[in-house]
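Below: one structure, written as structure tokens.
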Amino acid sequence: MRDTIRTLEQRSRKLDPGAEQRRRLMDQASQYADAFLQRLPRLKTYVADEGGHGACFGSFDEEPSDFGELLEEYGREVDTTGILPSSGGQMGYIPGGGLFPSALGDFLAAVSNRYSGVAFAGPGAARMEASILRWMCQLVGYPETAAGDLTSGGSLATLSALVAARDASGIEPADISRTCIYHTRQVHHCIDTALHVAGLGSVQHRYVPMDDRFRMKPDALREAVESDRRQGLSPWLVLASAGTTDTGAIDPIGAVADVCQAHGLWFHLDAAYGGFFRLSEEVRDRLEGMSRADSIVMDPHKGLGLPYGTGAVLVRRGGQLAQSFRYYADYMQDAIDAQRDEQEPYSPADHSPELTRHFRGPRLWFPLKLFGLEPFRASLSEKIWLARYFHHELARSEGFEVGPEPDLSIVTFRYCPTGGDQEETNRRLLQAVHDDGRVFITSTRINGRFTLRLAVLNFRTHLEQVDYLLDFLRHRAPTI
Ligand SMILES: *Cc1c(COP(=O)(O)O)cnc(C)c1O
């Protein structure tokens, strides 16, 4: 038996490269990353896909491959087409980022593979995540009793928030079809996914009217709630946005909170896009009142420029999150016994549907500590001013019609030289931006009209990219 084991050991040891081989692999990976970052300012932000070869994705062989060749294939098959989220030219959808120290944080988290789910297994890892969440809670003005969880993104954070809201409100299956939720037409569609997964797909949606800047009208909200109450229905949840995806509008947080308070409704604030603008002096006040929300979602992989894979849910009465997600299993008894004596330390797994998960702390902790908060504040304020600048410049450009003055960093616009709604013209103009590929923007529909949209958020987006887009639009639009 020992011989068999030894032979297998010889073969399986290849999974654990020695110092010399590790150094070579690291050098190669680091050279690849460096070359990429060197080229990044000159790379197109958008390149249409042509199907790729994908031969290397086809199968896995028994034999090893050469790392250099794999990196080449990776570069060819992955790092070429589509939208480049790490580029400053990415000004479509809600941009992401890709902070370099986050990549190093991921690397270190993966090397030691610290388990962050349960405090007993990774006390330091759990404390790191707890401290990051504490900081976010302070940022939004939450009390000490708040708790949260670092999730894979805003959608999963929303799911956790709605499950906590459902349980805290004691909604049973029989109640669902009489249960009403309130939001504008501009709410993010991850809400529908979350409701569906949480078994709440058949709640009644009330679309609250908006003002001319796409913000929820609190009076209309109050009327809708009262009308439903009169009809014997069960108003339950208000979903407001601190930064809608389409236009960046911030719903009137304080006034919505008043309605929720008066009627005993759960107030969920979707701040996936806008939440971290609390760091920016320019709009800090507009986000006043966030602390009155019962639950908040914020996306570090948007506003903080992290690589994709990190969102956050915060719940004002943190116990409500644990109420929904803390479960017990016999094989976890060591962890649970160890915690019984102390003042129970924070464990992400008690606040999340995930158990074993990526240790997300380091990708936040390293950049926030290494750079300090100041450059994050500056970058977010810069994005606000870039959006204002773009709005201002385009408004005085021949033939362009701009949407409302931006609440945050999204500007909507159309090219309408004769004043009419020229859908085809704007489609072609967008196509021209995409064909050029230096910068990337998207379109949406606003009040039924095809509308172009700029969203500035990436920490690498500066005047240069916005000026490029302005120039491009001004020169190309008349030729379309
Ligand atoms: C991006 C976004 C979401 C969804 O978050 P993901 O991280 O993409 O899952 C939800 N709401 C708003 C307003 C967003 O911008």
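Residues are named by chain letter and number: chains run A, B, ... in the order of the structure tokens, numbers start at 1 in each chain, and ligands are numbered from 1 in the order shown.
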Within 10 Å of ligand 1, which residues of chain A come that close, and what is the closest atom pair and distance in Å for each? Count only C-alpha atoms and all ligand atoms and give it as JSON lines.
```
{"residue": "A:Tyr93", "atom": "CA", "partner": "ligand 1", "partner_atom_place_in_ligand_line": "15 (O)", "distance": 8.0}
{"residue": "A:Ile94", "atom": "CA", "partner": "ligand 1", "partner_atom_place_in_ligand_line": "15 (O)", "distance": 5.9}
{"residue": "A:Pro95", "atom": "CA", "partner": "ligand 1", "partner_atom_place_in_ligand_line": "1 (C)", "distance": 8.9}
{"residue": "A:Gly96", "atom": "CA", "partner": "ligand 1", "partner_atom_place_in_ligand_line": "1 (C)", "distance": 9.4}
{"residue": "A:Thr151", "atom": "CA", "partner": "ligand 1", "partner_atom_place_in_ligand_line": "7 (O)", "distance": 9.0}
{"residue": "A:Ser152", "atom": "CA", "partner": "ligand 1", "partner_atom_place_in_ligand_line": "7 (O)", "distance": 7.3}
{"residue": "A:Gly153", "atom": "CA", "partner": "ligand 1", "partner_atom_place_in_ligand_line": "7 (O)", "distance": 3.7}
{"residue": "A:Gly154", "atom": "CA", "partner": "ligand 1", "partner_atom_place_in_ligand_line": "5 (O)", "distance": 3.3}
{"residue": "A:Ser155", "atom": "CA", "partner": "ligand 1", "partner_atom_place_in_ligand_line": "9 (O)", "distance": 3.6}
{"residue": "A:Leu156", "atom": "CA", "partner": "ligand 1", "partner_atom_place_in_ligand_line": "9 (O)", "distance": 6.4}
{"residue": "A:Ala157", "atom": "CA", "partner": "ligand 1", "partner_atom_place_in_ligand_line": "9 (O)", "distance": 7.7}
{"residue": "A:Thr158", "atom": "CA", "partner": "ligand 1", "partner_atom_place_in_ligand_line": "10 (C)", "distance": 7.5}
{"residue": "A:Leu159", "atom": "CA", "partner": "ligand 1", "partner_atom_place_in_ligand_line": "9 (O)", "distance": 9.9}
{"residue": "A:Gln186", "atom": "CA", "partner": "ligand 1", "partner_atom_place_in_ligand_line": "13 (C)", "distance": 9.0}
{"residue": "A:Val187", "atom": "CA", "partner": "ligand 1", "partner_atom_place_in_ligand_line": "13 (C)", "distance": 7.0}
{"residue": "A:His188", "atom": "CA", "partner": "ligand 1", "partner_atom_place_in_ligand_line": "11 (N)", "distance": 4.8}
{"residue": "A:His189", "atom": "CA", "partner": "ligand 1", "partner_atom_place_in_ligand_line": "10 (C)", "distance": 7.3}
{"residue": "A:Cys190", "atom": "CA", "partner": "ligand 1", "partner_atom_place_in_ligand_line": "10 (C)", "distance": 5.8}
{"residue": "A:Ile191", "atom": "CA", "partner": "ligand 1", "partner_atom_place_in_ligand_line": "10 (C)", "distance": 7.6}
{"residue": "A:Ala240", "atom": "CA", "partner": "ligand 1", "partner_atom_place_in_ligand_line": "13 (C)", "distance": 9.6}
{"residue": "A:Ser241", "atom": "CA", "partner": "ligand 1", "partner_atom_place_in_ligand_line": "13 (C)", "distance": 6.4}
{"residue": "A:Ala242", "atom": "CA", "partner": "ligand 1", "partner_atom_place_in_ligand_line": "13 (C)", "distance": 7.3}
{"residue": "A:Gly243", "atom": "CA", "partner": "ligand 1", "partner_atom_place_in_ligand_line": "13 (C)", "distance": 6.0}
{"residue": "A:Thr244", "atom": "CA", "partner": "ligand 1", "partner_atom_place_in_ligand_line": "13 (C)", "distance": 4.9}
{"residue": "A:Thr245", "atom": "CA", "partner": "ligand 1", "partner_atom_place_in_ligand_line": "15 (O)", "distance": 4.8}
{"residue": "A:Asp246", "atom": "CA", "partner": "ligand 1", "partner_atom_place_in_ligand_line": "13 (C)", "distance": 8.5}
{"residue": "A:Thr247", "atom": "CA", "partner": "ligand 1", "partner_atom_place_in_ligand_line": "13 (C)", "distance": 10.0}
{"residue": "A:Gly248", "atom": "CA", "partner": "ligand 1", "partner_atom_place_in_ligand_line": "13 (C)", "distance": 8.2}
{"residue": "A:Ala249", "atom": "CA", "partner": "ligand 1", "partner_atom_place_in_ligand_line": "13 (C)", "distance": 9.7}
{"residue": "A:Leu269", "atom": "CA", "partner": "ligand 1", "partner_atom_place_in_ligand_line": "13 (C)", "distance": 9.4}
{"residue": "A:Asp270", "atom": "CA", "partner": "ligand 1", "partner_atom_place_in_ligand_line": "11 (N)", "distance": 5.7}
{"residue": "A:Ala271", "atom": "CA", "partner": "ligand 1", "partner_atom_place_in_ligand_line": "13 (C)", "distance": 6.1}
{"residue": "A:Ala272", "atom": "CA", "partner": "ligand 1", "partner_atom_place_in_ligand_line": "12 (C)", "distance": 4.7}
{"residue": "A:Tyr273", "atom": "CA", "partner": "ligand 1", "partner_atom_place_in_ligand_line": "15 (O)", "distance": 4.4}
{"residue": "A:Gly274", "atom": "CA", "partner": "ligand 1", "partner_atom_place_in_ligand_line": "13 (C)", "distance": 7.4}
{"residue": "A:Gly275", "atom": "CA", "partner": "ligand 1", "partner_atom_place_in_ligand_line": "13 (C)", "distance": 9.4}
{"residue": "A:Val297", "atom": "CA", "partner": "ligand 1", "partner_atom_place_in_ligand_line": "10 (C)", "distance": 7.8}
{"residue": "A:Met298", "atom": "CA", "partner": "ligand 1", "partner_atom_place_in_ligand_line": "11 (N)", "distance": 8.3}
{"residue": "A:Asp299", "atom": "CA", "partner": "ligand 1", "partner_atom_place_in_ligand_line": "7 (O)", "distance": 5.9}
{"residue": "A:Pro300", "atom": "CA", "partner": "ligand 1", "partner_atom_place_in_ligand_line": "7 (O)", "distance": 8.6}
{"residue": "A:His301", "atom": "CA", "partner": "ligand 1", "partner_atom_place_in_ligand_line": "7 (O)", "distance": 7.1}
{"residue": "A:Lys302", "atom": "CA", "partner": "ligand 1", "partner_atom_place_in_ligand_line": "1 (C)", "distance": 7.5}
{"residue": "A:Gly303", "atom": "CA", "partner": "ligand 1", "partner_atom_place_in_ligand_line": "15 (O)", "distance": 9.8}
{"residue": "A:Tyr308", "atom": "CA", "partner": "ligand 1", "partner_atom_place_in_ligand_line": "7 (O)", "distance": 7.8}
{"residue": "A:Gly309", "atom": "CA", "partner": "ligand 1", "partner_atom_place_in_ligand_line": "7 (O)", "distance": 7.5}
{"residue": "A:Thr310", "atom": "CA", "partner": "ligand 1", "partner_atom_place_in_ligand_line": "7 (O)", "distance": 7.2}
{"residue": "A:Gly311", "atom": "CA", "partner": "ligand 1", "partner_atom_place_in_ligand_line": "7 (O)", "distance": 5.9}
{"residue": "A:Ala312", "atom": "CA", "partner": "ligand 1", "partner_atom_place_in_ligand_line": "7 (O)", "distance": 9.0}
```
Dump C-alpha atoms for the selected residues as a PDB file, in the first residue's frame?
```pdb
ATOM      1  CA  TYR A  93     -23.117  50.722 -18.471  1.00  0.00           C
ATOM      2  CA  ILE A  94     -21.788  51.317 -14.957  1.00  0.00           C
ATOM      3  CA  PRO A  95     -18.010  51.188 -15.348  1.00  0.00           C
ATOM      4  CA  GLY A  96     -15.840  48.955 -13.209  1.00  0.00           C
ATOM      5  CA  THR A 151     -20.877  39.549  -1.607  1.00  0.00           C
ATOM      6  CA  SER A 152     -19.909  38.698  -5.158  1.00  0.00           C
ATOM      7  CA  GLY A 153     -21.747  41.780  -6.426  1.00  0.00           C
ATOM      8  CA  GLY A 154     -24.812  43.981  -6.161  1.00  0.00           C
ATOM      9  CA  SER A 155     -27.262  41.369  -7.384  1.00  0.00           C
ATOM     10  CA  LEU A 156     -26.417  38.871  -4.654  1.00  0.00           C
ATOM     11  CA  ALA A 157     -26.275  41.666  -2.087  1.00  0.00           C
ATOM     12  CA  THR A 158     -29.801  42.632  -3.142  1.00  0.00           C
ATOM     13  CA  LEU A 159     -30.933  39.037  -2.754  1.00  0.00           C
ATOM     14  CA  GLN A 186     -35.959  53.117 -13.209  1.00  0.00           C
ATOM     15  CA  VAL A 187     -35.182  50.528 -10.542  1.00  0.00           C
ATOM     16  CA  HIS A 188     -32.453  48.028 -11.446  1.00  0.00           C
ATOM     17  CA  HIS A 189     -33.668  44.695 -12.836  1.00  0.00           C
ATOM     18  CA  CYS A 190     -31.628  42.722 -10.268  1.00  0.00           C
ATOM     19  CA  ILE A 191     -34.588  43.458  -7.993  1.00  0.00           C
ATOM     20  CA  ALA A 240     -35.301  53.585  -3.784  1.00  0.00           C
ATOM     21  CA  SER A 241     -32.151  54.165  -5.810  1.00  0.00           C
ATOM     22  CA  ALA A 242     -29.142  56.266  -4.946  1.00  0.00           C
ATOM     23  CA  GLY A 243     -28.055  56.482  -8.469  1.00  0.00           C
ATOM     24  CA  THR A 244     -30.252  54.782 -11.049  1.00  0.00           C
ATOM     25  CA  THR A 245     -28.388  52.927 -13.754  1.00  0.00           C
ATOM     26  CA  ASP A 246     -30.074  54.774 -16.602  1.00  0.00           C
ATOM     27  CA  THR A 247     -29.655  58.384 -15.550  1.00  0.00           C
ATOM     28  CA  GLY A 248     -27.869  58.370 -12.192  1.00  0.00           C
ATOM     29  CA  ALA A 249     -30.895  59.936 -10.498  1.00  0.00           C
ATOM     30  CA  LEU A 269     -31.786  51.613  -0.844  1.00  0.00           C
ATOM     31  CA  ASP A 270     -30.048  50.438  -3.987  1.00  0.00           C
ATOM     32  CA  ALA A 271     -26.787  52.380  -3.862  1.00  0.00           C
ATOM     33  CA  ALA A 272     -24.851  49.810  -5.898  1.00  0.00           C
ATOM     34  CA  TYR A 273     -23.714  52.536  -8.251  1.00  0.00           C
ATOM     35  CA  GLY A 274     -23.907  55.683  -6.138  1.00  0.00           C
ATOM     36  CA  GLY A 275     -23.205  54.647  -2.550  1.00  0.00           C
ATOM     37  CA  VAL A 297     -26.524  47.704  -1.321  1.00  0.00           C
ATOM     38  CA  MET A 298     -23.227  49.205  -2.469  1.00  0.00           C
ATOM     39  CA  ASP A 299     -20.824  47.853  -5.072  1.00  0.00           C
ATOM     40  CA  PRO A 300     -17.103  48.266  -4.367  1.00  0.00           C
ATOM     41  CA  HIS A 301     -16.500  46.852  -7.855  1.00  0.00           C
ATOM     42  CA  LYS A 302     -18.140  49.997  -9.182  1.00  0.00           C
ATOM     43  CA  GLY A 303     -17.577  53.043  -6.985  1.00  0.00           C
ATOM     44  CA  TYR A 308     -15.298  42.601 -10.518  1.00  0.00           C
ATOM     45  CA  GLY A 309     -16.536  40.288  -7.820  1.00  0.00           C
ATOM     46  CA  THR A 310     -17.305  42.455  -4.797  1.00  0.00           C
ATOM     47  CA  GLY A 311     -20.586  43.958  -3.695  1.00  0.00           C
ATOM     48  CA  ALA A 312     -21.842  44.667  -0.197  1.00  0.00           C
TER      49      ALA A 312
END
```
- [ ] Can you pull out every residue within 12 Å of stretch 12-23 of chain A, counting only C-alpha atoms, but drop anything in the same chain fewer than 4 positions away, and send it as a list in words?
- [x] Ile5, Arg6, Thr7, Leu8, Asp27, Gln28, Ala29, Ser30, Gln31, Glu63, Pro64, Asp66, Phe67 and Val111 of chain A
Residues just named, written with C-alpha atoms as a PDB file, in the first residue's frame:
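Dumped everything to result_9.pdb:
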```
ATOM      1  CA  ILE A   5       0.819   5.811  -2.156  1.00  0.00           C
ATOM      2  CA  ARG A   6       4.432   6.852  -2.763  1.00  0.00           C
ATOM      3  CA  THR A   7       4.035   6.456  -6.522  1.00  0.00           C
ATOM      4  CA  LEU A   8       0.886   8.515  -6.506  1.00  0.00           C
ATOM      5  CA  ASP A  27       7.922  36.401 -13.435  1.00  0.00           C
ATOM      6  CA  GLN A  28       5.942  35.350 -16.467  1.00  0.00           C
ATOM      7  CA  ALA A  29       2.593  36.351 -14.950  1.00  0.00           C
ATOM      8  CA  SER A  30       4.020  39.616 -13.754  1.00  0.00           C
ATOM      9  CA  GLN A  31       5.511  40.352 -17.180  1.00  0.00           C
ATOM     10  CA  GLU A  63      -0.101  16.318 -20.241  1.00  0.00           C
ATOM     11  CA  PRO A  64       1.131  19.665 -18.913  1.00  0.00           C
ATOM     12  CA  ASP A  66       3.803  25.604 -21.187  1.00  0.00           C
ATOM     13  CA  PHE A  67       2.808  28.641 -19.061  1.00  0.00           C
ATOM     14  CA  VAL A 111      -1.888  31.710  -1.914  1.00  0.00           C
TER      15      VAL A 111
END
```
- [ ] Enumerate the residues of stretch 47-171 of chain A with a DSSP assignment of helix (DSSP H, G or I), computed from the backbone, and present them as number ranges by chain.
- [x] A: 55-57, 67-77, 100-112, 123-140, 154-168
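Straight-line separation from atom CA of A:Thr418 to atom CA of A:Gln90: 29.7 Å.
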- [ ] Can you work out which one of A:Leu386, A:Ile132, A:Ile253, A:Ala119 has the shortest atom-to-atom distance to A:Lys369, counting only C-alpha atoms?
- [x]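 Nearest candidate to A:Lys369 out of A:Leu386, A:Ile132, A:Ile253, A:Ala119: A:Ile132.
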Task: Nearest candidate to A:Gly117 (options A:Leu469, A:Met332, A:Leu306, A:Leu364; using only C-alpha atoms) - done: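 Nearest to A:Gly117: A:Met332.
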- [ ] Might you pull out every residue within 10 Å of stretch 56-60 of chain A, with only C-alpha atoms counted and same-chain residues fewer than 5 positions away left off, and present them as a list of chain:residue names?
- [x] A:Ser65, A:Leu70, A:Glu73, A:Tyr74, A:Glu77
Residues as selected, N, CA and C atoms, written as a tab-separated table (two decimals), in the first residue's frame, can you do that?
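Final file, part_32.tsv:
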```
chain	number	residue	atom	x	y	z
A	65	SER	N	1.05	21.83	-19.97
A	65	SER	CA	1.28	22.81	-21.03
A	65	SER	C	2.34	23.80	-20.56
A	70	LEU	N	0.34	29.38	-22.57
A	70	LEU	CA	-1.01	29.60	-22.00
A	70	LEU	C	-1.29	31.10	-21.87
A	73	GLU	N	-2.18	32.41	-25.18
A	73	GLU	CA	-3.56	32.06	-25.55
A	73	GLU	C	-4.55	32.91	-24.77
A	74	TYR	N	-4.25	33.10	-23.50
A	74	TYR	CA	-5.13	33.94	-22.66
A	74	TYR	C	-5.22	35.35	-23.26
A	77	GLU	N	-7.25	35.06	-26.59
A	77	GLU	CA	-8.66	34.63	-26.54
A	77	GLU	C	-9.51	35.44	-25.56
```
- [ ] Give me the residues within 9 Å of A:Ala109 as a ChimeraX atom specification, counting only C-alpha atoms and dropping any in the same chain fewer than 3 places off.
- [x] /A:104-106,112-114,358-363
Output all heavy atoms for every residue in the selection just made, as a compact mmCIF listing (two decimals), in the first residue's frame.
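Listing of out-v9.txt after writing:
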```txt
# COMPACT_ATOMS: atom_id res chain seq x y z
N LEU A 104 -3.22 42.17 -6.23
CA LEU A 104 -2.23 41.59 -5.32
C LEU A 104 -2.92 41.02 -4.08
O LEU A 104 -2.52 39.96 -3.57
CB LEU A 104 -1.20 42.66 -4.91
CG LEU A 104 -0.43 43.29 -6.07
CD1 LEU A 104 0.54 44.34 -5.55
CD2 LEU A 104 0.31 42.23 -6.88
N GLY A 105 -3.95 41.69 -3.62
CA GLY A 105 -4.72 41.19 -2.48
C GLY A 105 -5.35 39.84 -2.81
O GLY A 105 -5.31 38.90 -2.00
N ASP A 106 -5.91 39.72 -4.01
CA ASP A 106 -6.49 38.45 -4.44
C ASP A 106 -5.43 37.37 -4.49
O ASP A 106 -5.65 36.22 -4.11
CB ASP A 106 -7.10 38.59 -5.85
CG ASP A 106 -8.54 39.12 -5.80
OD1 ASP A 106 -9.08 39.26 -4.69
OD2 ASP A 106 -9.09 39.39 -6.88
N SER A 112 -2.49 31.74 0.45
CA SER A 112 -2.64 31.08 1.75
C SER A 112 -4.03 30.44 1.86
O SER A 112 -4.26 29.60 2.71
CB SER A 112 -2.44 32.07 2.89
OG SER A 112 -3.51 32.99 2.93
N ASN A 113 -4.91 30.84 0.95
CA ASN A 113 -6.28 30.31 0.93
C ASN A 113 -6.94 30.39 2.30
O ASN A 113 -7.54 29.42 2.78
CB ASN A 113 -6.30 28.87 0.40
CG ASN A 113 -7.70 28.44 0.03
OD1 ASN A 113 -8.57 29.28 -0.24
ND2 ASN A 113 -7.96 27.16 0.02
N ARG A 114 -6.82 31.53 2.94
CA ARG A 114 -7.46 31.74 4.23
C ARG A 114 -8.96 31.60 4.08
O ARG A 114 -9.55 32.12 3.12
CB ARG A 114 -7.13 33.13 4.78
CG ARG A 114 -5.80 33.21 5.43
CD ARG A 114 -5.81 32.47 6.74
NE ARG A 114 -4.47 32.24 7.26
CZ ARG A 114 -4.24 31.46 8.32
NH1 ARG A 114 -5.24 30.86 8.93
NH2 ARG A 114 -3.02 31.30 8.74
N HIS A 358 -14.80 33.09 -1.62
CA HIS A 358 -13.59 33.86 -1.87
C HIS A 358 -13.35 34.80 -0.68
O HIS A 358 -14.28 35.43 -0.20
CB HIS A 358 -13.82 34.67 -3.15
CG HIS A 358 -12.69 35.57 -3.51
ND1 HIS A 358 -11.40 35.14 -3.59
CD2 HIS A 358 -12.66 36.88 -3.83
CE1 HIS A 358 -10.62 36.14 -3.94
NE2 HIS A 358 -11.36 37.22 -4.08
N PHE A 359 -12.11 34.88 -0.23
CA PHE A 359 -11.76 35.80 0.85
C PHE A 359 -11.63 37.19 0.22
O PHE A 359 -10.63 37.53 -0.39
CB PHE A 359 -10.45 35.32 1.49
CG PHE A 359 -9.89 36.23 2.55
CD1 PHE A 359 -10.68 37.11 3.27
CD2 PHE A 359 -8.52 36.18 2.84
CE1 PHE A 359 -10.14 37.94 4.24
CE2 PHE A 359 -7.98 36.99 3.81
CZ PHE A 359 -8.78 37.88 4.50
N ARG A 360 -12.70 37.97 0.37
CA ARG A 360 -12.79 39.24 -0.39
C ARG A 360 -12.11 40.42 0.30
O ARG A 360 -11.92 41.46 -0.31
CB ARG A 360 -14.27 39.59 -0.62
CG ARG A 360 -14.96 38.50 -1.41
CD ARG A 360 -16.44 38.75 -1.67
NE ARG A 360 -16.92 37.68 -2.51
CZ ARG A 360 -17.89 36.82 -2.19
NH1 ARG A 360 -18.54 36.93 -1.05
NH2 ARG A 360 -18.24 35.85 -3.01
N GLY A 361 -11.78 40.24 1.58
CA GLY A 361 -11.23 41.35 2.33
C GLY A 361 -10.00 42.00 1.71
O GLY A 361 -9.95 43.22 1.52
N PRO A 362 -8.96 41.21 1.38
CA PRO A 362 -7.70 41.80 0.94
C PRO A 362 -7.81 42.69 -0.30
O PRO A 362 -7.10 43.68 -0.44
CB PRO A 362 -6.82 40.58 0.65
CG PRO A 362 -7.38 39.50 1.52
CD PRO A 362 -8.86 39.75 1.55
N ARG A 363 -8.73 42.36 -1.20
CA ARG A 363 -8.86 43.17 -2.43
C ARG A 363 -9.41 44.56 -2.11
O ARG A 363 -9.30 45.48 -2.92
CB ARG A 363 -9.71 42.45 -3.47
CG ARG A 363 -11.02 42.03 -2.93
CD ARG A 363 -11.97 41.26 -3.85
NE ARG A 363 -11.48 40.78 -5.10
CZ ARG A 363 -12.04 41.06 -6.28
NH1 ARG A 363 -13.09 41.85 -6.34
NH2 ARG A 363 -11.56 40.54 -7.39
```
- [ ] Skip A:Glu393 itself and residues of its chain fewer than 2 positions away, then list as a PyMOL selection string all residues within 12 Å of it, counting only C-alpha atoms.
- [x] chain A and resi 385-391+395-398+400-402+405+411+413+466-467+469-471+473-474
Open item on the list: Just to confirm, what's the straight-line distance from atom CA of A:Ile441 to atom CA of A:Ala455 in Å (one decimal)?
Closed with: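 Atom-to-atom, atom CA of A:Ile441 and atom CA of A:Ala455 are spaced 7.4 Å apart.
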- [ ] Give me the residues within 9 Å of A:Arg134 as a list in words, counting only C-alpha atoms and dropping any in the same chain fewer than 6 places off.
- [x]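 So, after excluding close chain neighbours, the residues are Tyr142, Glu144, Ala146, Ala147 and Gly148 of chain A.
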Prev. selection, all heavy atoms, output as a PDB file, in the first residue's frame:
```pdb
ATOM      1  N   TYR A 142     -24.701  54.413   9.535  1.00  0.00           N
ATOM      2  CA  TYR A 142     -25.391  53.375  10.293  1.00  0.00           C
ATOM      3  C   TYR A 142     -24.868  53.301  11.725  1.00  0.00           C
ATOM      4  O   TYR A 142     -23.689  53.558  11.974  1.00  0.00           O
ATOM      5  CB  TYR A 142     -25.193  52.015   9.615  1.00  0.00           C
ATOM      6  CG  TYR A 142     -26.299  51.620   8.661  1.00  0.00           C
ATOM      7  CD1 TYR A 142     -26.226  50.422   7.942  1.00  0.00           C
ATOM      8  CD2 TYR A 142     -27.417  52.421   8.473  1.00  0.00           C
ATOM      9  CE1 TYR A 142     -27.236  50.034   7.070  1.00  0.00           C
ATOM     10  CE2 TYR A 142     -28.427  52.038   7.602  1.00  0.00           C
ATOM     11  CZ  TYR A 142     -28.335  50.845   6.905  1.00  0.00           C
ATOM     12  OH  TYR A 142     -29.333  50.460   6.049  1.00  0.00           O
ATOM     13  N   GLU A 144     -23.935  51.255  15.432  1.00  0.00           N
ATOM     14  CA  GLU A 144     -23.108  50.094  15.781  1.00  0.00           C
ATOM     15  C   GLU A 144     -23.822  48.766  15.556  1.00  0.00           C
ATOM     16  O   GLU A 144     -23.180  47.733  15.356  1.00  0.00           O
ATOM     17  CB  GLU A 144     -22.715  50.181  17.265  1.00  0.00           C
ATOM     18  CG  GLU A 144     -21.590  51.165  17.543  1.00  0.00           C
ATOM     19  CD  GLU A 144     -20.255  50.697  16.971  1.00  0.00           C
ATOM     20  OE1 GLU A 144     -19.882  49.543  17.261  1.00  0.00           O
ATOM     21  OE2 GLU A 144     -19.614  51.471  16.236  1.00  0.00           O
ATOM     22  N   ALA A 146     -25.527  47.801  13.179  1.00  0.00           N
ATOM     23  CA  ALA A 146     -25.648  47.385  11.777  1.00  0.00           C
ATOM     24  C   ALA A 146     -24.675  46.244  11.504  1.00  0.00           C
ATOM     25  O   ALA A 146     -23.674  46.083  12.195  1.00  0.00           O
ATOM     26  CB  ALA A 146     -25.352  48.557  10.861  1.00  0.00           C
ATOM     27  N   ALA A 147     -24.988  45.457  10.480  1.00  0.00           N
ATOM     28  CA  ALA A 147     -24.073  44.398  10.042  1.00  0.00           C
ATOM     29  C   ALA A 147     -24.184  44.277   8.532  1.00  0.00           C
ATOM     30  O   ALA A 147     -25.095  44.849   7.917  1.00  0.00           O
ATOM     31  CB  ALA A 147     -24.420  43.077  10.719  1.00  0.00           C
ATOM     32  N   GLY A 148     -23.257  43.543   7.966  1.00  0.00           N
ATOM     33  CA  GLY A 148     -23.300  43.410   6.518  1.00  0.00           C
ATOM     34  C   GLY A 148     -22.545  42.204   6.046  1.00  0.00           C
ATOM     35  O   GLY A 148     -22.118  41.358   6.838  1.00  0.00           O
TER      36      GLY A 148
END
```
- [ ] For A:Ser443, work out the shell of residues within 8 Å, counting only C-alpha atoms and skipping chain neighbours fewer than 3 positions away, then give it as a PyMOL selection string.
- [x] chain A and resi 430+450-453
Filtering to C-alpha atoms, could you give me those residues as a compact mmCIF listing (two decimals), in the first residue's frame?
```txt
# COMPACT_ATOMS: atom_id res chain seq x y z
CA LEU A 430 -23.52 55.03 -31.33
CA PHE A 450 -33.64 55.99 -27.91
CA THR A 451 -31.08 57.91 -25.86
CA LEU A 452 -27.30 57.88 -25.65
CA ARG A 453 -25.67 57.69 -22.28
```
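Backbone DSSP over stretch 28-84 of chain A yields strand (DSSP E or B) at Tyr46, Val47, Gly82 and Ile83 of chain A.
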TODO: Between A:Pro218, A:Leu408, A:His351, A:Tyr468, single out the one closest to A:Ala126, counting only C-alpha atoms.
DONE: A:His351
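Separating atom CA of A:Gln320 from atom CA of A:Asp175 is a distance of 19.9 Å.
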